[in-house]
$ cat coords-v1.csv   # CSV, C-alpha atoms
chain,number,residue,atom,x,y,z
A,27,MET,CA,-62.6,21.8,-35.4
A,28,HIS,CA,-61.6,23.1,-32.0
A,29,PRO,CA,-59.3,20.2,-31.0
A,30,TRP,CA,-57.5,20.3,-34.3
A,31,PHE,CA,-56.2,23.8,-33.4
A,32,GLY,CA,-54.2,22.1,-30.6
A,33,SER,CA,-52.2,20.1,-33.2
A,34,PRO,CA,-48.8,21.3,-34.4
A,35,ALA,CA,-50.4,22.5,-37.7
A,36,GLY,CA,-53.2,24.2,-35.8
A,37,ARG,CA,-50.8,26.0,-33.4
A,38,TYR,CA,-48.7,27.2,-36.4
A,39,LEU,CA,-51.8,28.5,-38.1
A,40,THR,CA,-53.1,30.2,-34.9
A,41,ALA,CA,-49.8,32.0,-34.3
A,42,TRP,CA,-49.9,33.5,-37.8
A,43,GLU,CA,-53.6,34.6,-37.5
A,44,GLN,CA,-53.2,36.0,-34.0
A,45,ALA,CA,-50.4,38.3,-35.2
A,46,ARG,CA,-52.5,39.5,-38.1
A,47,VAL,CA,-55.6,40.1,-35.9
A,48,ASP,CA,-53.7,42.0,-33.3
A,49,GLN,CA,-52.2,44.3,-35.9
A,50,ALA,CA,-55.5,44.8,-37.7
A,51,VAL,CA,-57.8,45.6,-34.8
A,52,GLY,CA,-55.3,47.4,-32.5
A,53,ASP,CA,-56.0,50.8,-34.0
A,54,LEU,CA,-59.8,50.4,-34.8
A,55,PHE,CA,-61.9,52.8,-32.8
A,56,GLY,CA,-65.5,52.5,-31.9
A,57,TYR,CA,-67.7,51.3,-29.0
A,58,HIS,CA,-68.9,47.7,-29.8
A,59,GLY,CA,-66.8,44.8,-31.1
A,60,VAL,CA,-67.9,41.2,-31.5
A,61,GLN,CA,-66.1,37.9,-32.2
A,62,LEU,CA,-68.2,35.1,-33.7
A,63,GLY,CA,-67.0,31.6,-32.6
A,64,LEU,CA,-63.7,30.0,-31.5
A,65,PRO,CA,-64.1,30.6,-27.8
A,66,TRP,CA,-60.4,29.9,-27.1
A,67,PHE,CA,-59.1,32.5,-29.6
A,68,ASP,CA,-58.9,35.9,-28.0
A,69,GLY,CA,-59.1,37.9,-31.3
A,70,LEU,CA,-60.1,41.2,-29.6
A,71,ARG,CA,-57.3,41.3,-27.0
A,72,ALA,CA,-55.5,44.1,-28.8
A,73,ASN,CA,-58.6,46.2,-29.4
A,74,ARG,CA,-59.5,49.2,-27.2
A,75,MET,CA,-63.2,49.3,-27.7
A,76,PRO,CA,-65.0,49.6,-24.3
A,77,HIS,CA,-67.6,46.9,-25.2
A,78,ARG,CA,-66.3,43.6,-26.6
A,79,TRP,CA,-68.2,40.3,-26.7
A,80,LEU,CA,-67.6,36.7,-27.7
A,81,ILE,CA,-70.6,35.0,-29.3
A,82,GLY,CA,-70.5,31.3,-29.1
A,83,GLY,CA,-72.1,29.1,-31.7
A,84,PRO,CA,-74.6,26.3,-31.1
A,85,ASP,CA,-71.9,23.7,-31.5
A,86,ASP,CA,-70.0,25.1,-28.5
A,87,LEU,CA,-72.8,23.8,-26.3
A,88,ASP,CA,-72.5,20.3,-27.6
A,89,PRO,CA,-71.2,18.1,-24.7
A,90,PRO,CA,-68.8,16.0,-26.9
A,91,ALA,CA,-67.3,19.1,-28.4
A,92,ALA,CA,-66.9,20.8,-25.0
A,93,ALA,CA,-65.2,17.6,-23.6
A,94,ALA,CA,-62.9,17.5,-26.6
A,95,LEU,CA,-62.0,21.1,-26.1
A,96,ALA,CA,-61.3,20.6,-22.4
A,97,ALA,CA,-59.1,17.6,-23.2
A,98,SER,CA,-57.0,19.5,-25.8
A,99,ASP,CA,-54.0,21.6,-25.1
A,100,LEU,CA,-55.8,24.8,-26.2
A,101,PRO,CA,-55.4,27.7,-23.7
A,102,VAL,CA,-58.9,29.1,-23.2
A,103,PRO,CA,-58.6,32.8,-22.0
A,104,PRO,CA,-60.3,32.9,-18.6
A,105,LEU,CA,-61.6,36.4,-19.1
A,106,PHE,CA,-62.9,35.8,-22.6
A,107,ARG,CA,-65.8,33.4,-22.2
A,108,PRO,CA,-68.9,33.4,-24.5
A,109,ALA,CA,-71.3,36.1,-23.5
A,110,ILE,CA,-74.2,34.3,-25.2
A,111,HIS,CA,-74.7,31.5,-27.7
A,112,ALA,CA,-76.6,32.2,-30.9
A,113,GLU,CA,-77.0,31.3,-34.5
A,114,PHE,CA,-74.5,33.3,-36.5
A,115,GLY,CA,-77.2,33.8,-39.2
A,116,ALA,CA,-79.5,35.5,-36.6
A,117,LEU,CA,-77.5,37.7,-34.3
A,118,PRO,CA,-79.2,39.3,-31.3
A,119,PHE,CA,-78.0,42.8,-32.1
A,120,ALA,CA,-79.8,45.8,-33.6
A,121,SER,CA,-79.1,46.9,-37.1
A,122,ARG,CA,-76.1,49.3,-37.4
A,123,SER,CA,-75.1,48.8,-33.8
A,124,LEU,CA,-71.6,47.2,-34.1
A,125,ASP,CA,-68.3,48.8,-35.1
A,126,LEU,CA,-66.3,45.6,-35.6
A,127,VAL,CA,-67.2,42.0,-36.4
A,128,LEU,CA,-64.4,39.4,-36.2
A,129,MET,CA,-65.1,36.1,-37.9
A,130,PRO,CA,-62.1,33.7,-37.4
A,131,HIS,CA,-63.0,30.7,-39.6
A,132,THR,CA,-66.7,31.4,-38.8
A,133,LEU,CA,-67.8,31.1,-42.4
A,134,GLU,CA,-66.1,27.7,-42.8
A,135,LEU,CA,-67.7,26.2,-39.6
A,136,THR,CA,-71.3,27.5,-39.9
A,137,ALA,CA,-74.0,25.8,-41.8
A,138,ASP,CA,-75.1,28.9,-43.7
A,139,PRO,CA,-72.1,31.2,-44.4
A,140,HIS,CA,-74.2,33.5,-46.6
A,141,ALA,CA,-76.6,34.2,-43.7
A,142,ALA,CA,-73.7,34.8,-41.3
A,143,LEU,CA,-72.1,37.3,-43.7
A,144,ARG,CA,-75.4,39.1,-44.2
A,145,GLU,CA,-75.9,39.4,-40.5
A,146,ALA,CA,-72.4,41.0,-40.2
A,147,GLU,CA,-73.4,43.5,-42.8
A,148,ARG,CA,-76.8,44.2,-41.1
A,149,THR,CA,-75.3,44.8,-37.6
A,150,LEU,CA,-72.3,46.9,-38.7
A,151,VAL,CA,-72.5,50.7,-38.7
A,152,PRO,CA,-71.5,52.5,-41.9
A,153,GLU,CA,-67.7,52.4,-42.2
A,154,GLY,CA,-67.7,49.5,-39.7
A,155,ARG,CA,-65.3,46.7,-40.4
A,156,VAL,CA,-65.5,42.9,-40.7
A,157,VAL,CA,-62.3,40.9,-40.2
A,158,ILE,CA,-62.4,37.4,-41.7
A,159,SER,CA,-59.8,34.5,-41.7
A,160,GLY,CA,-60.1,31.3,-43.6
A,161,LEU,CA,-58.3,28.4,-45.2
A,162,ASN,CA,-57.2,28.8,-48.8
A,163,PRO,CA,-58.3,25.9,-51.1
A,164,VAL,CA,-55.5,26.8,-53.5
A,165,SER,CA,-52.7,25.7,-51.3
A,166,PHE,CA,-50.7,22.6,-50.1
A,167,TRP,CA,-53.2,22.1,-47.4
A,168,GLY,CA,-56.2,22.4,-49.7
A,169,LEU,CA,-54.6,19.9,-52.1
A,170,LYS,CA,-53.9,17.4,-49.4
A,171,GLN,CA,-57.5,17.8,-48.1
A,172,ARG,CA,-59.0,17.1,-51.5
A,173,ARG,CA,-56.7,14.0,-52.0
A,174,ALA,CA,-57.7,12.7,-48.6
A,175,ARG,CA,-61.4,13.1,-49.4
A,176,MET,CA,-60.9,11.0,-52.6
A,177,ALA,CA,-59.0,8.4,-50.6
A,178,GLN,CA,-61.8,8.3,-47.9
A,179,ARG,CA,-64.3,7.5,-50.6
A,180,LEU,CA,-62.3,4.4,-51.3
A,181,GLY,CA,-62.0,3.6,-47.6
A,182,LEU,CA,-58.3,4.7,-47.4
A,183,GLY,CA,-56.5,7.2,-45.2
A,184,GLN,CA,-58.0,10.1,-43.2
A,185,ARG,CA,-58.4,13.8,-43.8
A,186,TYR,CA,-55.7,16.3,-42.8
A,187,LEU,CA,-58.3,18.8,-41.6
A,188,PRO,CA,-61.6,18.1,-39.8
A,189,ASP,CA,-64.6,17.1,-41.8
A,190,ALA,CA,-66.5,20.2,-40.7
A,191,VAL,CA,-64.2,22.5,-42.7
A,192,ASP,CA,-65.8,23.8,-45.9
A,193,PHE,CA,-63.2,25.7,-47.9
A,194,ILE,CA,-64.3,29.2,-49.1
A,195,GLY,CA,-61.8,30.6,-51.5
A,196,TYR,CA,-60.7,34.3,-51.2
A,197,TRP,CA,-62.1,35.2,-54.7
A,198,ARG,CA,-65.5,33.7,-53.9
A,199,LEU,CA,-65.5,35.6,-50.6
A,200,ARG,CA,-64.5,38.8,-52.3
A,201,ASP,CA,-67.5,38.5,-54.6
A,202,TRP,CA,-69.8,37.9,-51.6
A,203,LEU,CA,-68.4,41.0,-49.9
A,204,ARG,CA,-69.0,43.1,-53.0
A,205,LEU,CA,-72.6,42.1,-53.3
A,206,LEU,CA,-73.1,43.2,-49.7
A,207,SER,CA,-71.5,46.7,-50.4
A,208,PHE,CA,-68.2,45.8,-48.6
A,209,GLU,CA,-65.0,47.2,-49.8
A,210,VAL,CA,-61.9,45.0,-49.3
A,211,GLU,CA,-59.4,47.2,-47.4
A,212,SER,CA,-56.6,44.6,-47.1
A,213,VAL,CA,-55.9,40.9,-47.8
A,214,GLN,CA,-52.9,38.8,-46.6
A,215,PHE,CA,-51.9,35.2,-47.3
A,216,GLY,CA,-49.7,33.1,-45.0
A,217,CYS,CA,-48.6,29.7,-43.8
A,218,TRP,CA,-46.7,28.2,-46.8
A,219,ARG,CA,-45.3,25.2,-45.1
A,220,PRO,CA,-46.5,21.8,-46.3
A,221,ALA,CA,-49.3,20.0,-44.6
A,222,MET,CA,-47.3,18.1,-41.9
A,223,ARG,CA,-48.7,16.5,-38.8
A,224,SER,CA,-45.3,16.5,-37.0
A,225,GLN,CA,-43.9,19.6,-35.3
A,226,ARG,CA,-40.4,18.4,-36.2
A,227,TRP,CA,-41.2,18.5,-39.9
A,228,LEU,CA,-43.0,21.8,-39.6
A,229,ASP,CA,-39.9,23.3,-38.1
A,230,ARG,CA,-37.7,21.9,-40.8
A,231,THR,CA,-39.8,23.6,-43.5
A,232,ALA,CA,-39.8,27.0,-41.8
A,233,TRP,CA,-37.6,28.3,-44.6
A,234,MET,CA,-40.6,28.1,-47.0
A,235,ASP,CA,-42.5,31.0,-45.3
A,236,PRO,CA,-40.3,33.8,-46.4
A,237,LEU,CA,-40.0,32.3,-49.9
A,238,GLY,CA,-43.7,31.9,-50.2
A,239,ASP,CA,-44.4,35.4,-49.1
A,240,ARG,CA,-42.2,36.7,-51.9
A,241,TRP,CA,-42.7,34.3,-54.8
A,242,TRP,CA,-46.1,32.6,-54.5
A,243,PRO,CA,-48.1,34.6,-51.9
A,244,ILE,CA,-51.6,33.6,-53.1
A,245,PHE,CA,-50.9,29.9,-52.4
A,246,GLY,CA,-50.6,30.3,-48.6
A,247,ALA,CA,-52.7,27.9,-46.5
A,248,ALA,CA,-54.6,30.8,-44.9
A,249,TYR,CA,-55.9,34.2,-45.9
A,250,PHE,CA,-56.8,37.2,-43.7
A,251,VAL,CA,-59.3,39.9,-45.0
A,252,VAL,CA,-60.3,43.3,-43.6
A,253,ALA,CA,-63.4,44.8,-45.3
A,254,VAL,CA,-65.2,48.1,-44.8
A,255,LYS,CA,-69.0,48.6,-45.0
A,256,ARG,CA,-69.8,51.3,-47.5
A,257,VAL,CA,-73.2,52.9,-47.6
A,258,PRO,CA,-74.0,55.0,-50.8
A,259,GLY,CA,-74.8,58.6,-50.0
A,260,MET,CA,-73.3,58.5,-46.5
A,261,ARG,CA,-70.0,59.7,-45.3
A,262,ARG,CA,-68.4,60.3,-41.9
A,263,MET,CA,-68.9,63.9,-40.7
A,264,GLU,CA,-65.8,65.9,-39.9
A,265,LYS,CA,-65.3,68.8,-37.5
A,266,PRO,CA,-66.3,72.0,-39.3
A,267,ARG,CA,-63.4,74.4,-39.9
A,268,LYS,CA,-63.5,77.8,-38.2
A,269,VAL,CA,-64.1,80.5,-40.7
A,270,THR,CA,-62.7,84.0,-39.9
A,271,ALA,CA,-65.0,86.8,-40.9
A,272,VAL,CA,-63.3,89.3,-43.2
A,273,ARG,CA,-64.7,92.9,-43.2
A,274,ALA,CA,-65.3,94.0,-46.7
A,275,VAL,CA,-64.2,97.5,-47.7
A,276,ALA,CA,-67.0,99.4,-49.5
A,277,PRO,CA,-66.0,100.7,-52.9
A,278,ALA,CA,-66.7,104.3,-53.9
A,279,ALA,CA,-70.1,105.0,-55.2
A,280,SER,CA,-70.4,104.9,-59.0
A,281,VAL,CA,-72.9,106.0,-61.5
A,282,ALA,CA,-73.2,104.2,-64.9
A,283,GLY,CA,-70.0,102.2,-64.2
A,284,ARG,CA,-67.9,105.4,-63.5
A,285,SER,CA,-66.6,106.5,-60.1
A,286,LEU,CA,-67.7,109.9,-58.9
A,287,PRO,CA,-65.0,112.5,-58.3
A,288,ASP,CA,-64.0,113.2,-54.7
A,289,ASN,CA,-64.7,116.9,-55.0
A,290,PRO,CA,-67.7,117.4,-57.3
A,291,PRO,CA,-67.9,120.8,-59.0
A,292,SER,CA,-70.1,123.4,-57.3
$ encode --input "coords-v1.csv" --output "C-alpha cells"
Amino acid sequence: MHPWFGSPAGRYLTAWEQARVDQAVGDLFGYHGVQLGLPWFDGLRANRMPHRWLIGGPDDLDPPAAAALAASDLPVPPLFRPAIHAEFGALPFASRSLDLVLMPHTLELTADPHAALREAERTLVPEGRVVISGLNPVSFWGLKQRRARMAQRLGLGQRYLPDAVDFIGYWRLRDWLRLLSFEVESVQFGCWRPAMRSQRWLDRTAWMDPLGDRWWPIFGAAYFVVAVKRVPGMRRMEKPRKVTAVRAVAPAASVAGRSLPDNPPS
C-alpha cells in the first residue's frame, strides 16, 4: 500500500487527509498521542502533546516493502520514525494511558480491524479521541476497484488500488464505534475526482471537488472520522467555583409563630 501513495491519486488523497488531520488534532490537549501505521505520514505534526509516537506495523519490517517504500517518491519525515513495531491488535500500552490514537487507513491494512479498534478503545482515557481515515466503497474509486476485481478473475486488467486494501464503509465503522462506546464527533467525506492514474486527468477534473462537496458528499472516495470515548458514569471534573459566605441575619425571637414586642409590658 505504501508505494501506491506516491502515485498521482495517492498524493491527491494524502493532501486532502493531511489537511483534515492537521485541523482535527491541532487543538487536542493531553499528554500521549499515538499514530498506528503509515510511517511516512506525519499525522501528529500539528499536535502539541508532549509525547507522540509512531507505531509501525509488522509489514513495515518486510524487506520488499521497505525497498519499495525507499524507491518511491514518498517523503519520509526524518524526525518521525517508528518508535517500535507491534501488532495493532496488541498494543504495548497500559489501559487508559493514551489521549489520542490516530489510525490513517490502519483498519484497511491490518489483518484484524476489530482487534485494532478494540485496542484503541482499551488504551484511550475516558474522553480520549480516535481519528480514523479510510476509503469509501460507495464512490467512484470503490466502483472501479470492484470492477477491476471482477476483471481479474477473468484474467483481465489490474486493480486501481492495491490488493491489500479491504474497504470498510463508514456506516459499518460507525456501528463498530457505537458497540465500543465511542461517540462520533465529526465525519467528513472528500476526494470526488474519478479514479484516474494520470496527474493530468486528475487536474482536469478538479472542478468536481466543490460540486461533490455540495451535491453528493457521501460519495467521496475517502472519509475522515473523529470519535470520542464515552464511559458511563464518568465525567471530566471542572474547577470548583468559589462560594462567598453570606452572613445570615437572625430574625427576632418568636413564640407560637408570633413575634415578641420590642418593649414587653412590665
$ closest_atom_pairs --input "coords-v1.csv" --of "region 164-264 of chain A" --to "region 46-62 of chain A" --cutoff "9 Å" --atoms "only C-alpha atoms" --output "JSON lines"
{"residue": "A:Gln214", "atom": "CA", "partner": "A:Arg46", "partner_atom": "CA", "distance": 8.5}
{"residue": "A:Phe250", "atom": "CA", "partner": "A:Arg46", "partner_atom": "CA", "distance": 7.4}
{"residue": "A:Val252", "atom": "CA", "partner": "A:Ala50", "partner_atom": "CA", "distance": 7.8}
$ atom_distance --input "coords-v1.csv" --atom1 "CA of Asn162 (chain A)" --atom2 "CA of Gly216 (chain A)"
9.4 Å
$ closest_residue --input "coords-v1.csv" --among "A:Phe31, A:Gly246, A:Ala253, A:Val127" --to "Arg200 (chain A)" --atoms "only C-alpha atoms"
A:Ala253
$ closest_residue --input "coords-v1.csv" --among "A:Tyr249, A:Phe166, A:Trp241, A:Trp233" --to "Pro220 (chain A)" --atoms "only C-alpha atoms"
A:Phe166
$ closest_residue --input "coords-v1.csv" --among "A:Ile194, A:Leu39, A:Val157, A:Ala116" --to "Gly69 (chain A)" --atoms "only C-alpha atoms"
A:Val157
$ closest_residue --input "coords-v1.csv" --among "A:Pro29, A:Pro152, A:Pro34, A:Pro130" --to "Arg219 (chain A)" --atoms "all atoms listed in the file"
A:Pro34
$ closest_residue --input "coords-v1.csv" --among "A:Arg148, A:Arg173, A:Arg223, A:Arg198" --to "Gly160 (chain A)" --atoms "all atoms listed in the file"
A:Arg198
$ atom_distance --input "coords-v1.csv" --atom1 "CA of Tyr38 (chain A)" --atom2 "CA of Arg175 (chain A)"
23.0 Å
$ residues_around --input "coords-v1.csv" --residues "Gly195 (chain A)" --least-positions-apart "2" --cutoff "12 Å" --atoms "all atoms listed in the file" --output "ChimeraX atom specification"
/A:131,133-134,158-165,168,192-193,197-202,215,244-251
$ atom_distance --input "coords-v1.csv" --atom1 "CA of Pro258 (chain A)" --atom2 "CA of Arg74 (chain A)"
28.3 Å
$ closest_residue --input "coords-v1.csv" --among "A:Ser121, A:Ser212, A:Thr231, A:Ser33" --to "Val156 (chain A)" --atoms "all atoms listed in the file"
A:Ser212
$ residues_near_point --input "coords-v1.csv" --point "(-70.9, 46.0, -37.3)" --cutoff "10 Å" --atoms "only C-alpha atoms" --output "ChimeraX atom specification"
/A:58-60,119-128,145-156,254-255
$ residues_around --input "coords-v1.csv" --residues "Gly63 (chain A)" --least-positions-apart "4" --cutoff "9 Å" --atoms "only C-alpha atoms" --output "PyMOL selection string"
chain A and resi 67+80-83+86+108+114+128-132+135
